[in-house]
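A.B. asks: Submitted below is the structure of interest, expressed as structure tokens.
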Amino acid sequence: MTGGAKPLALAPAMAENLARWLDSERATRDRSDHTIRAYQADLLAFLAFLGGYHGTPALPATLAGLTQSDMRAFAAAERDRGISPRSLARRLSATRSFIRWMSDRHGFDASRALASRSPKFTRSLPRPLAPDQAQAVLDIAASAHPEAWIAARDAAVLTLLWGCGLRISEALGLDGADWPLREVLTLRGKGGKERQVPVLPIARKAIADYLRLCPYPLEAKAPLFRGARGGRLSPTLVASAMRQARQVLGLPPTATPHALRHSFATHLLAAGGDLRTIQELLGHASLSTTQVYTGVDDAHLMAVYRAAHPRA
């Protein structure tokens, strides 16, 4: 597709196949709604490229004829559009998965297209906050907004991220029925993996302070953390509160809400927590992911492995 040409409409047959593949990913791989939306955007971008590249809407037969050169052309077009290497790697991975699914469904050989490789990218290492910095963020958030209940809300959410190691989606996914939080909170994270996380008294107090000021009634099926209009709180607003706090404190841009989750893990390890326990609290599938979060060196990781594995 060149210049400002209007993208070709998606062929009905391809739209139906895409919808079925997304349903399959959701059902058989337990993908989150966020992941499904990302995959949908990835595939729509790919199919739009094919439409412009061949001058006609992409059909199953179009996928059957794909070559490595076609996949490289798509990757080059995406890079020209300014997509990051990490996003491009995910986009190509989703595209290959869809092509593989289509080849099984329609009985064609997709080996030429599937032979293409994703670009390498350097995974940025998380930068946790020092304990006094994390506490300062909470203190500032608790008084930053002119409306007291919103300031208390922001502080409560950030307290859950740092004090319990929750993902922001997990904190904002809590409903009124989850209150009062028990001493151990059961969460279902990525890939449907269930874990239990201890809830500190300071986190329960922060939420109680917020609920006491919140103008909306606590309802079992309503969000626990509400936006100004009463709907579920957006992650963007939590990021905004964090941004204000880091500007006041002079912290780097890496001081995001997710950095508080990194800090939870790092501070636990510094206090003597073992890597395996921290892995369970974070809900990670592998120790190597936890290692990245906590900045643990390879020697420490292997020591934990030798101590934990029955055949080590």
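Going through the structure tokens in order, the chains are called A, B, and so on, while each chain numbers its residues from 1 and the ligands are numbered from 1 in the order shown.
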Could you pull out all residues of region 178-211 of chain A with a DSSP call of strand (DSSP E or B) and give them as an MDAnalysis selection string?
C.D. replies: chainID A and resid 184:188 194:198
A.B. asks: Output the selection as an mmCIF file, in the first residue's frame - all heavy atoms for each residue.
C.D. replies:
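selection.cif was written with the following content:
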```
data_model
loop_
_atom_site.group_PDB
_atom_site.id
_atom_site.type_symbol
_atom_site.label_atom_id
_atom_site.label_comp_id
_atom_site.auth_asym_id
_atom_site.auth_seq_id
_atom_site.Cartn_x
_atom_site.Cartn_y
_atom_site.Cartn_z
ATOM 1 N N VAL A 184 -5.118 -13.430 53.035
ATOM 2 C CA VAL A 184 -4.500 -13.985 51.825
ATOM 3 C C VAL A 184 -5.472 -13.807 50.678
ATOM 4 O O VAL A 184 -6.621 -14.241 50.753
ATOM 5 C CB VAL A 184 -4.145 -15.474 51.997
ATOM 6 C CG1 VAL A 184 -3.594 -16.039 50.697
ATOM 7 C CG2 VAL A 184 -3.135 -15.662 53.120
ATOM 8 N N LEU A 185 -5.016 -13.144 49.634
ATOM 9 C CA LEU A 185 -5.850 -12.853 48.477
ATOM 10 C C LEU A 185 -5.554 -13.869 47.375
ATOM 11 O O LEU A 185 -4.400 -14.097 47.027
ATOM 12 C CB LEU A 185 -5.552 -11.438 47.975
ATOM 13 C CG LEU A 185 -6.370 -10.895 46.805
ATOM 14 C CD1 LEU A 185 -7.841 -10.793 47.181
ATOM 15 C CD2 LEU A 185 -5.842 -9.522 46.386
ATOM 16 N N THR A 186 -6.598 -14.508 46.853
ATOM 17 C CA THR A 186 -6.443 -15.454 45.751
ATOM 18 C C THR A 186 -6.653 -14.731 44.431
ATOM 19 O O THR A 186 -7.681 -14.087 44.218
ATOM 20 C CB THR A 186 -7.455 -16.613 45.870
ATOM 21 O OG1 THR A 186 -7.245 -17.291 47.120
ATOM 22 C CG2 THR A 186 -7.269 -17.601 44.727
ATOM 23 N N LEU A 187 -5.664 -14.829 43.557
ATOM 24 C CA LEU A 187 -5.689 -14.118 42.275
ATOM 25 C C LEU A 187 -5.522 -15.109 41.129
ATOM 26 O O LEU A 187 -4.867 -16.146 41.278
ATOM 27 C CB LEU A 187 -4.567 -13.088 42.208
ATOM 28 C CG LEU A 187 -4.602 -11.956 43.233
ATOM 29 C CD1 LEU A 187 -3.280 -11.214 43.226
ATOM 30 C CD2 LEU A 187 -5.749 -11.013 42.946
ATOM 31 N N ARG A 188 -6.101 -14.764 39.995
ATOM 32 C CA ARG A 188 -5.891 -15.536 38.781
ATOM 33 C C ARG A 188 -5.200 -14.614 37.781
ATOM 34 O O ARG A 188 -5.790 -13.659 37.292
ATOM 35 C CB ARG A 188 -7.213 -16.047 38.216
ATOM 36 C CG ARG A 188 -7.051 -17.013 37.050
ATOM 37 C CD ARG A 188 -8.389 -17.540 36.584
ATOM 38 N NE ARG A 188 -9.030 -18.344 37.609
ATOM 39 C CZ ARG A 188 -8.765 -19.640 37.825
ATOM 40 N NH1 ARG A 188 -7.869 -20.257 37.080
ATOM 41 N NH2 ARG A 188 -9.398 -20.303 38.769
ATOM 42 N N GLU A 194 -3.294 -19.483 39.011
ATOM 43 C CA GLU A 194 -3.835 -19.008 40.288
ATOM 44 C C GLU A 194 -2.735 -18.944 41.332
ATOM 45 O O GLU A 194 -1.867 -19.827 41.394
ATOM 46 C CB GLU A 194 -4.957 -19.950 40.751
ATOM 47 C CG GLU A 194 -5.741 -19.436 41.945
ATOM 48 C CD GLU A 194 -6.922 -20.320 42.283
ATOM 49 O OE1 GLU A 194 -7.988 -20.164 41.641
ATOM 50 O OE2 GLU A 194 -6.780 -21.184 43.187
ATOM 51 N N ARG A 195 -2.757 -17.912 42.137
ATOM 52 C CA ARG A 195 -1.776 -17.796 43.204
ATOM 53 C C ARG A 195 -2.410 -17.110 44.405
ATOM 54 O O ARG A 195 -3.472 -16.484 44.291
ATOM 55 C CB ARG A 195 -0.551 -17.015 42.738
ATOM 56 C CG ARG A 195 -0.739 -15.518 42.601
ATOM 57 C CD ARG A 195 0.505 -14.880 42.011
ATOM 58 N NE ARG A 195 0.539 -13.429 42.121
ATOM 59 C CZ ARG A 195 -0.086 -12.603 41.311
ATOM 60 N NH1 ARG A 195 -0.821 -13.068 40.316
ATOM 61 N NH2 ARG A 195 0.013 -11.299 41.479
ATOM 62 N N GLN A 196 -1.764 -17.235 45.543
ATOM 63 C CA GLN A 196 -2.230 -16.607 46.772
ATOM 64 C C GLN A 196 -1.190 -15.605 47.246
ATOM 65 O O GLN A 196 0.005 -15.900 47.270
ATOM 66 C CB GLN A 196 -2.508 -17.651 47.844
ATOM 67 C CG GLN A 196 -3.675 -18.563 47.505
ATOM 68 C CD GLN A 196 -4.028 -19.505 48.629
ATOM 69 O OE1 GLN A 196 -3.148 -20.034 49.296
ATOM 70 N NE2 GLN A 196 -5.316 -19.718 48.852
ATOM 71 N N VAL A 197 -1.661 -14.421 47.612
ATOM 72 C CA VAL A 197 -0.769 -13.338 48.009
ATOM 73 C C VAL A 197 -1.202 -12.796 49.372
ATOM 74 O O VAL A 197 -2.374 -12.440 49.549
ATOM 75 C CB VAL A 197 -0.817 -12.187 46.974
ATOM 76 C CG1 VAL A 197 0.076 -11.038 47.413
ATOM 77 C CG2 VAL A 197 -0.406 -12.688 45.595
ATOM 78 N N PRO A 198 -0.279 -12.747 50.331
ATOM 79 C CA PRO A 198 -0.622 -12.148 51.628
ATOM 80 C C PRO A 198 -0.935 -10.662 51.465
ATOM 81 O O PRO A 198 -0.290 -9.965 50.680
ATOM 82 C CB PRO A 198 0.649 -12.358 52.463
ATOM 83 C CG PRO A 198 1.400 -13.451 51.776
ATOM 84 C CD PRO A 198 1.083 -13.307 50.318
#
```
A.B. asks: Any idea what's packed within 9 Å of region 157-169 of chain A, counting only C-alpha atoms, ignoring anything in its chain fewer than 5 positions away? Could you give it as a ChimeraX atom specification?
C.D. replies: /A:134-135,137-138,141,152,174,187,189,197-200,202-204,206-207,225,235,238,242,257-265,281-282
A.B. asks: Find the residues of region 63-135 of chain A that sit at most 9 Å from region 20-34 of chain A; for each, write down the nearest two atoms and how far apart they are in Å, to one decimal. Count only C-alpha atoms. Sort by chain, then by number going up, and give it as CSV.
C.D. replies:
```
residue,atom,partner,partner_atom,distance
A:Phe98,CA,A:Trp21,CA,6.9
A:Trp101,CA,A:Trp21,CA,7.4
A:Met102,CA,A:Trp21,CA,8.4
```
A.B. asks: Store the residues of this selection in a file with all heavy atoms, as an mmCIF file, in the first residue's frame.
C.D. replies:
```
data_model
loop_
_atom_site.group_PDB
_atom_site.id
_atom_site.type_symbol
_atom_site.label_atom_id
_atom_site.label_comp_id
_atom_site.auth_asym_id
_atom_site.auth_seq_id
_atom_site.Cartn_x
_atom_site.Cartn_y
_atom_site.Cartn_z
ATOM 1 N N PHE A 98 -1.370 -17.423 13.393
ATOM 2 C CA PHE A 98 -2.586 -17.417 12.582
ATOM 3 C C PHE A 98 -2.382 -18.174 11.274
ATOM 4 O O PHE A 98 -3.250 -18.957 10.855
ATOM 5 C CB PHE A 98 -2.997 -15.969 12.294
ATOM 6 C CG PHE A 98 -4.216 -15.832 11.423
ATOM 7 C CD1 PHE A 98 -5.460 -16.279 11.857
ATOM 8 C CD2 PHE A 98 -4.128 -15.263 10.153
ATOM 9 C CE1 PHE A 98 -6.587 -16.157 11.048
ATOM 10 C CE2 PHE A 98 -5.243 -15.125 9.348
ATOM 11 C CZ PHE A 98 -6.480 -15.588 9.793
ATOM 12 N N TRP A 101 -2.416 -21.850 11.986
ATOM 13 C CA TRP A 101 -3.793 -22.301 12.226
ATOM 14 C C TRP A 101 -4.562 -22.396 10.904
ATOM 15 O O TRP A 101 -5.292 -23.352 10.666
ATOM 16 C CB TRP A 101 -4.466 -21.324 13.180
ATOM 17 C CG TRP A 101 -5.881 -21.655 13.554
ATOM 18 C CD1 TRP A 101 -6.296 -22.479 14.560
ATOM 19 C CD2 TRP A 101 -7.073 -21.143 12.944
ATOM 20 N NE1 TRP A 101 -7.672 -22.518 14.613
ATOM 21 C CE2 TRP A 101 -8.176 -21.713 13.631
ATOM 22 C CE3 TRP A 101 -7.326 -20.268 11.885
ATOM 23 C CZ2 TRP A 101 -9.492 -21.422 13.299
ATOM 24 C CZ3 TRP A 101 -8.633 -19.978 11.535
ATOM 25 C CH2 TRP A 101 -9.711 -20.550 12.239
ATOM 26 N N MET A 102 -4.373 -21.414 10.037
ATOM 27 C CA MET A 102 -5.046 -21.419 8.741
ATOM 28 C C MET A 102 -4.566 -22.581 7.868
ATOM 29 O O MET A 102 -5.356 -23.200 7.145
ATOM 30 C CB MET A 102 -4.810 -20.091 8.019
ATOM 31 C CG MET A 102 -5.584 -18.918 8.600
ATOM 32 S SD MET A 102 -7.348 -18.993 8.237
ATOM 33 C CE MET A 102 -7.359 -18.626 6.478
#
```
A.B. asks: Using only C-alpha atoms, which protein or nucleic acid residues come within 7 Å of Ala11 (chain A)? Drop anything in the same chain fewer than 5 positions from it, and give the result as a PyMOL selection string.
C.D. replies: chain A and resi 57-59
A.B. asks: Go ahead and compute the interatomic distance for CA of Ala171 (chain A) and CA of Leu249 (chain A), in Å to one decimal.
C.D. replies: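 Atom-to-atom, CA of Ala171 (chain A) to CA of Leu249 (chain A), that is 24.2 Å.
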A.B. asks: Please determine, counting only C-alpha atoms, which residue among A:Arg112, A:Ser87, A:Gly230, A:Ala255 has the shortest atom-to-atom distance to Arg127 (chain A).
C.D. replies: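 Of all the options, A:Ala255 lies closest to Arg127 (chain A).
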A.B. asks: Name all residues at most 9 Å from Leu88 (chain A) (count only C-alpha atoms; drop same-chain ones fewer than 4 positions away) and give them as a list in words.
C.D. replies: Asp42, Ala75, Glu78, Arg79, Ile83, Ser84, Leu92, Ser93, Ser118 and Pro119 of chain A
